[in-house]
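Shown next, in structure tokens, is the structure this report addresses.
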Amino acid sequence: MPEENYLIAAVMLMAAITYLTRATPFLLKMEKSPKLFNDIIEYLPVAIIASITVPALLVAKDGSLLGLNTDLLAAIPVVIVAYWSRSLIYSVCAGVAGHVAITLLA
Amino acid sequence: MTSSVLQPATRKESLVDALPIVTGYFVVSFVFGVMCINAGLPLWLPAAMCLFVYAGAAQFAALALMTTSAPLITIALSTLLINSRHMLMAMYMSKRSAQLPISKPQKLLYAFGLTDESFAFHSQRLENGRPTSPGYLLQFNTYCHASWIAGAVFGAVASDALNRFSQFKLDYALTAMMIFVLISLCSNFTKALIALVVIVTTCLLNMYAPSPLNVFIATAVGCGAGLCLKRTT
């Protein structure tokens, strides 16, 4: 087991760094910002979420293509249910149920 | 704190909305707790990590580094690199929260609970123009954080039961929620196109140069494409 002091230092460092990356933007003055910035702000959520969600279903961490996989297939019922129902809870249920079904069948 | 914190209606709404994240976090941090114990780390470590750090991917990366007793600077850099995307999210929330009656201490408390999933849900809610109080946002984060800590503690205590439990990936709830949010954020052609551009860009970058910073590049390319489209139409 690694030394206790080492582990405590690691947790404290990680906590400080994680909090700083999340908190510093809240300290910036955002009231008077150029129009271009306002346009970008509107696009930020869709861009960030597209970037952190979908590629993880297609490309592995080492850069190789994943091909057809359970996570990708289970996304199909989620997209369909999300598009038609606009309901978060139905979408999540469809995804988890789809994932379990595919795991059992595969 | 505003009076909204005390309103039962807000409390119930934030709890119901947070449920998919609460479930998903519990499962993921349960696995984290199991892995910590299996790696020979003490029981307090997963609990302290989940309480003070509260960052999924960075915690799993640090777990691998700590078991090989990697230098602290490596752990620090990996945490910074993996969590750097939260600066983008915090920038958005900082800008948007200017419209809310939210105080500085509340913002700084909110920042502690900002994660991929809470950002996804809150940004979608704000973009859709739904009335959102600081109390709602902070309670939502508290429920998510509490289940993150609880999952790790349960997982660490019940570390032997993992193998039967992990057959089904119940944490797919998190992926499903992110996909739902993405679909509902694609409210017009421009935004759908931005999503497509970002997905293609990120995939290509990840194939040839995997890095947590690819999110920044892809987001910039996507927003740039959106701005061009807006200018020409």
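Naming works like this for the structure tokens: A, B, ... for the chains as they're shown, residue 1 at the start of each chain, ligands 1 onward in shown order.
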
Would you give me, as CSV, each residue of chain A having an atom within 7 Å of an atom of chain B, along with its shortest atom pair and that distance in Å to one decimal, using only C-alpha atoms and sorting by chain and residue number?
residue,atom,partner,partner_atom,distance
A:Met1,CA,B:Gly40,CA,5.7
A:Pro2,CA,B:Ser69,CA,6.4
A:Ala10,CA,B:Leu72,CA,6.2
A:Val11,CA,B:Met49,CA,6.0
A:Leu13,CA,B:Ala76,CA,6.3
A:Met14,CA,B:Val53,CA,6.0
A:Ala15,CA,B:Val53,CA,4.2
A:Ile17,CA,B:Leu80,CA,6.2
A:Thr18,CA,B:Asn83,CA,6.3
A:Tyr19,CA,B:Phe112,CA,5.8
A:Thr21,CA,B:Met87,CA,5.2
A:Arg22,CA,B:Ala111,CA,5.3
A:Ala23,CA,B:Ala111,CA,5.0
A:Pro25,CA,B:Met91,CA,5.0
A:Phe26,CA,B:Ser94,CA,4.9
A:Met30,CA,B:Lys95,CA,5.5
A:Glu31,CA,B:Ala98,CA,7.0
A:Ile40,CA,B:Cys223,CA,6.0
A:Ile41,CA,B:Tyr92,CA,5.9
A:Tyr43,CA,B:Cys223,CA,6.0
A:Leu44,CA,B:Tyr92,CA,7.0
A:Pro45,CA,B:Ser123,CA,6.4
A:Val46,CA,B:Leu185,CA,5.9
A:Ala47,CA,B:Thr219,CA,5.2
A:Ile48,CA,B:Thr219,CA,5.9
A:Ile49,CA,B:Leu182,CA,6.4
A:Ala50,CA,B:Ala195,CA,5.3
A:Ser51,CA,B:Ile199,CA,5.5
A:Ile52,CA,B:Val215,CA,6.9
A:Thr53,CA,B:Met178,CA,6.5
A:Val54,CA,B:Ile199,CA,6.4
A:Pro55,CA,B:Cys203,CA,5.3
A:Val59,CA,B:Cys203,CA,6.3
A:Lys61,CA,B:Pro210,CA,6.9
A:Asp62,CA,B:Pro210,CA,6.8
A:Gly63,CA,B:Met207,CA,3.8
A:Ser64,CA,B:Met207,CA,6.0
A:Ala75,CA,B:Ala176,CA,6.8
A:Val78,CA,B:Ala176,CA,6.1
A:Val79,CA,B:Phe180,CA,6.8
A:Ala82,CA,B:Phe180,CA,5.3
A:Tyr83,CA,B:Ile183,CA,6.6
A:Leu88,CA,B:Phe180,CA,6.3
A:Ser91,CA,B:Phe180,CA,6.4
A:Val92,CA,B:Ala176,CA,5.1
A:Gly95,CA,B:Ala176,CA,5.4
A:Val96,CA,B:Tyr172,CA,5.8
A:Val100,CA,B:Phe168,CA,6.0

Selection file, C-alpha atoms, as a PDB file, in the first residue's frame:
ATOM      1  CA  MET A   1       0.000   0.000   0.000  1.00  0.00           C
ATOM      2  CA  PRO A   2       1.353   3.474  -0.848  1.00  0.00           C
ATOM      3  CA  ALA A  10      -2.643  13.289  -3.784  1.00  0.00           C
ATOM      4  CA  VAL A  11      -6.241  13.822  -2.655  1.00  0.00           C
ATOM      5  CA  LEU A  13      -3.771  18.275  -4.799  1.00  0.00           C
ATOM      6  CA  MET A  14      -6.528  16.782  -6.918  1.00  0.00           C
ATOM      7  CA  ALA A  15      -9.230  18.546  -4.916  1.00  0.00           C
ATOM      8  CA  ILE A  17      -6.866  21.520  -9.046  1.00  0.00           C
ATOM      9  CA  THR A  18     -10.348  20.222  -9.796  1.00  0.00           C
ATOM     10  CA  TYR A  19     -11.949  23.063  -7.858  1.00  0.00           C
ATOM     11  CA  THR A  21     -10.666  24.593 -13.041  1.00  0.00           C
ATOM     12  CA  ARG A  22     -14.342  24.816 -12.115  1.00  0.00           C
ATOM     13  CA  ALA A  23     -14.349  27.980 -10.009  1.00  0.00           C
ATOM     14  CA  PRO A  25     -14.417  31.181 -14.662  1.00  0.00           C
ATOM     15  CA  PHE A  26     -17.030  32.217 -12.089  1.00  0.00           C
ATOM     16  CA  MET A  30     -19.120  38.451 -17.572  1.00  0.00           C
ATOM     17  CA  GLU A  31     -21.633  41.319 -17.684  1.00  0.00           C
ATOM     18  CA  ILE A  40     -20.335  31.446 -28.837  1.00  0.00           C
ATOM     19  CA  ILE A  41     -21.808  31.011 -25.347  1.00  0.00           C
ATOM     20  CA  TYR A  43     -23.234  27.216 -28.922  1.00  0.00           C
ATOM     21  CA  LEU A  44     -20.998  25.996 -26.080  1.00  0.00           C
ATOM     22  CA  PRO A  45     -23.310  23.409 -24.461  1.00  0.00           C
ATOM     23  CA  VAL A  46     -24.199  21.591 -27.676  1.00  0.00           C
ATOM     24  CA  ALA A  47     -20.548  21.589 -28.802  1.00  0.00           C
ATOM     25  CA  ILE A  48     -19.096  20.391 -25.492  1.00  0.00           C
ATOM     26  CA  ILE A  49     -21.703  17.699 -24.953  1.00  0.00           C
ATOM     27  CA  ALA A  50     -21.405  16.441 -28.529  1.00  0.00           C
ATOM     28  CA  SER A  51     -17.646  16.247 -28.038  1.00  0.00           C
ATOM     29  CA  ILE A  52     -17.647  14.367 -24.726  1.00  0.00           C
ATOM     30  CA  THR A  53     -20.558  12.010 -25.436  1.00  0.00           C
ATOM     31  CA  VAL A  54     -20.743  10.658 -28.985  1.00  0.00           C
ATOM     32  CA  PRO A  55     -17.047  10.114 -29.885  1.00  0.00           C
ATOM     33  CA  VAL A  59     -13.438   5.683 -30.963  1.00  0.00           C
ATOM     34  CA  LYS A  61      -9.124   5.600 -25.833  1.00  0.00           C
ATOM     35  CA  ASP A  62      -6.121   4.368 -27.846  1.00  0.00           C
ATOM     36  CA  GLY A  63      -7.544   5.871 -31.051  1.00  0.00           C
ATOM     37  CA  SER A  64      -8.822   2.680 -32.692  1.00  0.00           C
ATOM     38  CA  ALA A  75     -27.836   4.717 -28.113  1.00  0.00           C
ATOM     39  CA  VAL A  78     -32.209   6.561 -26.611  1.00  0.00           C
ATOM     40  CA  VAL A  79     -32.110   8.822 -29.689  1.00  0.00           C
ATOM     41  CA  ALA A  82     -35.484  11.304 -26.797  1.00  0.00           C
ATOM     42  CA  TYR A  83     -36.549  12.718 -30.172  1.00  0.00           C
ATOM     43  CA  LEU A  88     -35.434  12.437 -19.923  1.00  0.00           C
ATOM     44  CA  SER A  91     -34.901   8.111 -22.669  1.00  0.00           C
ATOM     45  CA  VAL A  92     -32.739   6.879 -19.803  1.00  0.00           C
ATOM     46  CA  GLY A  95     -31.092   3.224 -22.886  1.00  0.00           C
ATOM     47  CA  VAL A  96     -30.530   1.088 -19.786  1.00  0.00           C
ATOM     48  CA  VAL A 100     -29.268  -4.932 -20.648  1.00  0.00           C
TER      49      VAL A 100
END

Calculate how many Å separate CA of Ser33 (chain A) from CA of Leu229 (chain B), rounding to one decimal.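 Interatomic distance here is 21.5 Å.
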
Would you list the contacts of region 8-14 of chain B as a compact mmCIF listing (two decimals) with C-alpha atoms, in the first residue's frame, taking every protein, DNA or RNA residue within 10 Å and counting only C-alpha atoms, but skipping same-chain residues closer than 6 positions in sequence?
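Below you can see selection-v4.txt, which holds the result:
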# COMPACT_ATOMS: atom_id res chain seq x y z
CA THR B 132 -34.16 28.12 -12.46
CA SER B 133 -33.34 29.25 -8.95
CA GLY B 135 -31.58 26.71 -4.71
CA TYR B 136 -32.61 24.34 -7.46
CA LEU B 137 -29.07 24.23 -8.90
CA LEU B 138 -27.35 23.74 -5.55
CA GLN B 139 -29.78 21.06 -4.34
CA PHE B 140 -29.44 19.21 -7.63
CA ASN B 141 -25.65 19.14 -7.21
CA THR B 142 -25.94 18.09 -3.58
CA TYR B 143 -28.04 15.03 -4.45

Using only C-alpha atoms: which of B:Ala146, B:Ser103, B:Phe189, B:Leu213 has the shortest distance to Thr233 (chain B):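 Using only C-alpha atoms, Thr233 (chain B) sits closest to B:Phe189.
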
List the spatial neighbours of Ala94 (chain A) as a PyMOL selection string - criterion: any atom at most 8 Å away, only C-alpha atoms, same-chain residues fewer than 4 positions off excluded. chain A and resi 77-78+81+90+98

Keeping N, CA and C atoms, export the residues of the selection given above as a PDB file, in the first residue's frame.
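Contents of again_8.pdb, freshly written:
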ATOM      1  N   PRO A  77     -32.084   3.278 -29.313  1.00  0.00           N
ATOM      2  CA  PRO A  77     -33.369   3.535 -28.637  1.00  0.00           C
ATOM      3  C   PRO A  77     -33.382   4.864 -27.880  1.00  0.00           C
ATOM      4  N   VAL A  78     -32.233   5.282 -27.345  1.00  0.00           N
ATOM      5  CA  VAL A  78     -32.209   6.561 -26.611  1.00  0.00           C
ATOM      6  C   VAL A  78     -32.538   7.710 -27.563  1.00  0.00           C
ATOM      7  N   VAL A  81     -36.301   7.566 -28.622  1.00  0.00           N
ATOM      8  CA  VAL A  81     -37.201   7.964 -27.531  1.00  0.00           C
ATOM      9  C   VAL A  81     -37.008   9.430 -27.168  1.00  0.00           C
ATOM     10  N   TYR A  90     -37.852   8.642 -19.742  1.00  0.00           N
ATOM     11  CA  TYR A  90     -38.132   7.587 -20.724  1.00  0.00           C
ATOM     12  C   TYR A  90     -36.863   7.265 -21.533  1.00  0.00           C
ATOM     13  N   GLY A  98     -32.321  -1.171 -23.078  1.00  0.00           N
ATOM     14  CA  GLY A  98     -31.705  -1.597 -24.327  1.00  0.00           C
ATOM     15  C   GLY A  98     -30.329  -2.205 -24.093  1.00  0.00           C
TER      16      GLY A  98
END

Show which residues sit within 9 Å of Val22 (chain B), as a list in words. Count only C-alpha atoms, and ignore same-chain residues fewer than 5 positions away.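 Once the adjacent positions are removed, what remains is Leu15, Val27, Tyr143, Cys144, His145, Ala146, Ser147 and Trp148 of chain B.
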
For a quick check of understanding, using only C-alpha atoms, which of B:Leu126, B:Val31, B:Cys228, B:Ala47 has the smallest distance to Leu36 (chain A)?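 Comparing B:Leu126, B:Val31, B:Cys228, B:Ala47 against Leu36 (chain A), the winner is B:Cys228.
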
Give the helix (DSSP H, G or I) residues of region 76-177 of chain B, as DSSP finds them on the backbone, and put them as a PyMOL selection string. chain B and resi 76-83+85-99+104-112+116-127+134-157+159-165+172-177

At a cut-off of 6 Å, using only C-alpha atoms, what residues contact Ala152 (chain B)? Leave out same-chain residues fewer than 6 positions from it and give the result as a PyMOL selection string. chain B and resi 29-30+33+46

Between CA of Ala18 (chain B) and CA of Phe60 (chain B), what is the spacing in Å? 22.7 Å

Would you compute the distance between CA of Ala9 (chain A) and CA of Ala64 (chain B)? Give it in Å to one decimal.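 If I compute the distance from CA of Ala9 (chain A) to CA of Ala64 (chain B), I get 15.9 Å.
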